[in-house]
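Visitor: Sending over a structure as structure tokens; questions will come in a sec.
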Amino acid sequence: MTPAHRSTFGHLNRRSFLRYSAFAGAALGGAGALAACGGSSGDSPGGTTADGSKYGGVAVQLSWLKNIEFAGEYFADSKGYFKEAGFGSVDLIAGGAASTSVEAGLDTGKVWLGLSAPQTTAPAILEGLPAKIVATTYQKNPFAIVSSAAKPIKTPEDMKGRKIGVQDTNQLIFNALLTANGLKPGDVTVVPAQFDPTPLANGEVDGWVSYVTNEPITLAAKGFQNTHFLFADFDLPLVAETLTVAQSTIDKERDKLKAFLAAEIKGWKDAVADPAEAARLAVEVYGKDQKLDLAEQTKEAVAQNDLVISADTATGGLLSMTDALIEQNIAALRAAKIDIKAAQLFDLSVLREVYAEHPGLK
């Protein structure tokens with residue numbers, strides 16, 4: 001993970017491409033280690049948990065610090081959707097540079113569900129973790145190349161002969177972008193970078209690997225007019241903020257998982273409809289200790305909506321993935337030298353059951 005830090009351009013909160021190092025150091029446990037955290041061991045009738053709720057409490061690990069990225073979870077918690085679904089409590093655990101990965105948490109049983117990404121979960125599964133992605137918040141990965149509006153880089157082809165600031169932990173996804181678009185590493189000049197985009201503002205580089213919901217907004221707020229293109233729009237259509245669970249949860253706690261997903265959908269519908277309130281919850285309640293800026297978080301909430309909703313979600317519902325998008329992700333992972341089959345990584349059957357049983361959620 002990339003560390004969050006204060007910079008000239010505010011509180012940067014983006015993540016690195018690969019976040020499974022903590023998992024790599026964890027010993028793979030058996031089925032017992034993957035028991036649900038803080039809840040019942042299966043789909044038991046109501047009143048059987050320690051807190052008297054149907055499903056008890058669960059631990060959910062976020063992929064990063066508590067900022068606007070998790071607005072749907074904040075709504076689901078604050079408006080009581082999780083409790084209405086049968087959960088005594090849902091502990092939203094912040095991720096971050098010092099935290100263990102979602103995949104490691106699932107392996108040890110410390111978390112019941114986590115928000116991650118295909119490029120992070122796939123290597124863990126290939127190393128033996130029995131887990132699946134069951135839904136996705138972002139239909140598009142936020143990774144982008146941001147550049148000056150005066151000297152724009154609008155496509156991967158435009159990067160030829162230009163200097164691009166690339167963080168070490170983002171080198172793999174950048175190389176995957178090049179490969180997917182028929183470019184070679186020698187076609188661009190890679191400048192090793194940290195996570196403060198000041199070198200771009202100072203003209204030391206022409207482009208910068210960034211999160212579309214972060215650096216373009218913080219740079220503009222400081223007077224640096226910029227433009228960007230998404231990796232997802234140029235043959236690297238990875239999704240992000242994927243909801244990942246242990247295989248045992250799908251097999252033994254299907255109703256519990258469906259109840260959680262239904263609450264998540266309600267929360268994200270609210271977040272999409274009310275970016276201002278989403279930002280307030282992030283700044284004043286859930287991420288209060290992060291000292292977030294309300295205006296910036298509101299702008300990021302609006303920008304985030306473009307990643308959460310799409311023509312496909314208008315048909316299939318929020319958090320869904322079409323079979324075509326799943327196959328596109330498998331191809332994109334292959335471009336990043338991660339070879340995995342769709343059935344090994346994704347299981348959208350639970351979410352599809354939720355929508356079939358509750359069509360009003362769409």
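Going by the structure tokens order, chains are called A, B, ..., each with residues numbered from 1, while ligands are numbered from 1 in the order shown.
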Which residues are near stretch 311-325 of chain A? Cut-off 10 Å, only C-alpha atoms, ignore same chain within fewer than 2 positions. Put them as a ChimeraX atom specification.
Guide: /A:134-140,237-239,241-243,261,264-266,268-269,272,308-309,327-331,342,346-348,351-352,355,359-362
Visitor: For the alpha helix (DSSP H) assignment from backbone DSSP, which residues of stretch 153-244 of chain A qualify? Please present them as a list in words.
Guide: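 DSSP-assigned alpha helix (DSSP H) residues in stretch 153-244 of chain A: Gln171, Leu172, Ile173, Phe174, Asn175, Ala176, Leu177, Leu178, Thr179, Ala180, Thr198, Pro199, Leu200, Ala201, Glu215, Pro216, Ile217, Thr218, Leu219, Ala220 and Ala221 of chain A.
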Visitor: I'd like the neighbourhood of stretch 65-74 of chain A as a ChimeraX atom specification, where a residue qualifies if any of its atoms comes within 6 Å (using only C-alpha atoms), though same-chain residues fewer than 2 positions away should be ignored.
Guide: /A:76-78,94-96,267-268,271,278,282,287
Visitor: With only C-alpha atoms as the atoms that count, which of A:Leu126, A:Val191, A:Ile173, A:Ala131 lies nearest to A:Gly105?
Guide: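 For A:Gly105, the nearest of the given residues is A:Ala131.
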Visitor: What separation in Å, quoted to one decimal, exists between atom CA of A:Ala356 and atom CA of A:Ser248?
Guide: 22.5 Å
Visitor: Can you measure atom CA of A:Leu257 to atom CA of A:Ser101 for me? One decimal in Å is fine.
Guide: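 About the pair atom CA of A:Leu257 and atom CA of A:Ser101: they are 20.7 Å apart.
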Visitor: Name the residues of stretch 27-257 of chain A that fall into strand (DSSP E or B) according to DSSP on the backbone, using the chain letters and numbers of this document, as a ChimeraX atom specification.
Guide: /A:39,56-61,87-93,113-116,131-138,143-148,163-167,189-193,207-211,226-230,240-246
Visitor: Restricting the calculation to only C-alpha atoms, which member of A:Gly88, A:Pro185, A:Pro199, A:Gly207 is positioned closest to A:Lys163?
Guide: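 Under the stated criterion, the closest residue is A:Gly207.
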Visitor: Would you mind telling me which residue in A:Ala279, A:Ala104, A:Ala336, A:Val285 lies nearest to A:Ala180 when using only C-alpha atoms?
Guide: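 Looking only at the distances to A:Ala180, the closest residue turns out to be A:Ala336.
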Visitor: Looking at only C-alpha atoms, which of A:Ile153, A:Val245, A:Ala240, A:Ile250 is the one that sits closest to A:Gln61?
Guide: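 Result for the nearest residue to A:Gln61: A:Val245.
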Visitor: To one decimal place, how far is atom CA of A:Ser63 from atom CA of A:Gly114 in Å?
Guide: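 Going from atom CA of A:Ser63 over to atom CA of A:Gly114, I get 7.3 Å.
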Visitor: For A:Ala150, which residue out of A:Phe174, A:Phe75, A:Phe82, A:Phe224 is the nearest one, using only C-alpha atoms?
Guide: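 That would be A:Phe224, the residue with the smallest distance to A:Ala150.
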Visitor: For a quick check of understanding, using only C-alpha atoms, which of A:Arg162, A:Glu253, A:Thr213, A:Thr155 has the smallest distance to A:Leu307?
Guide: A:Thr213
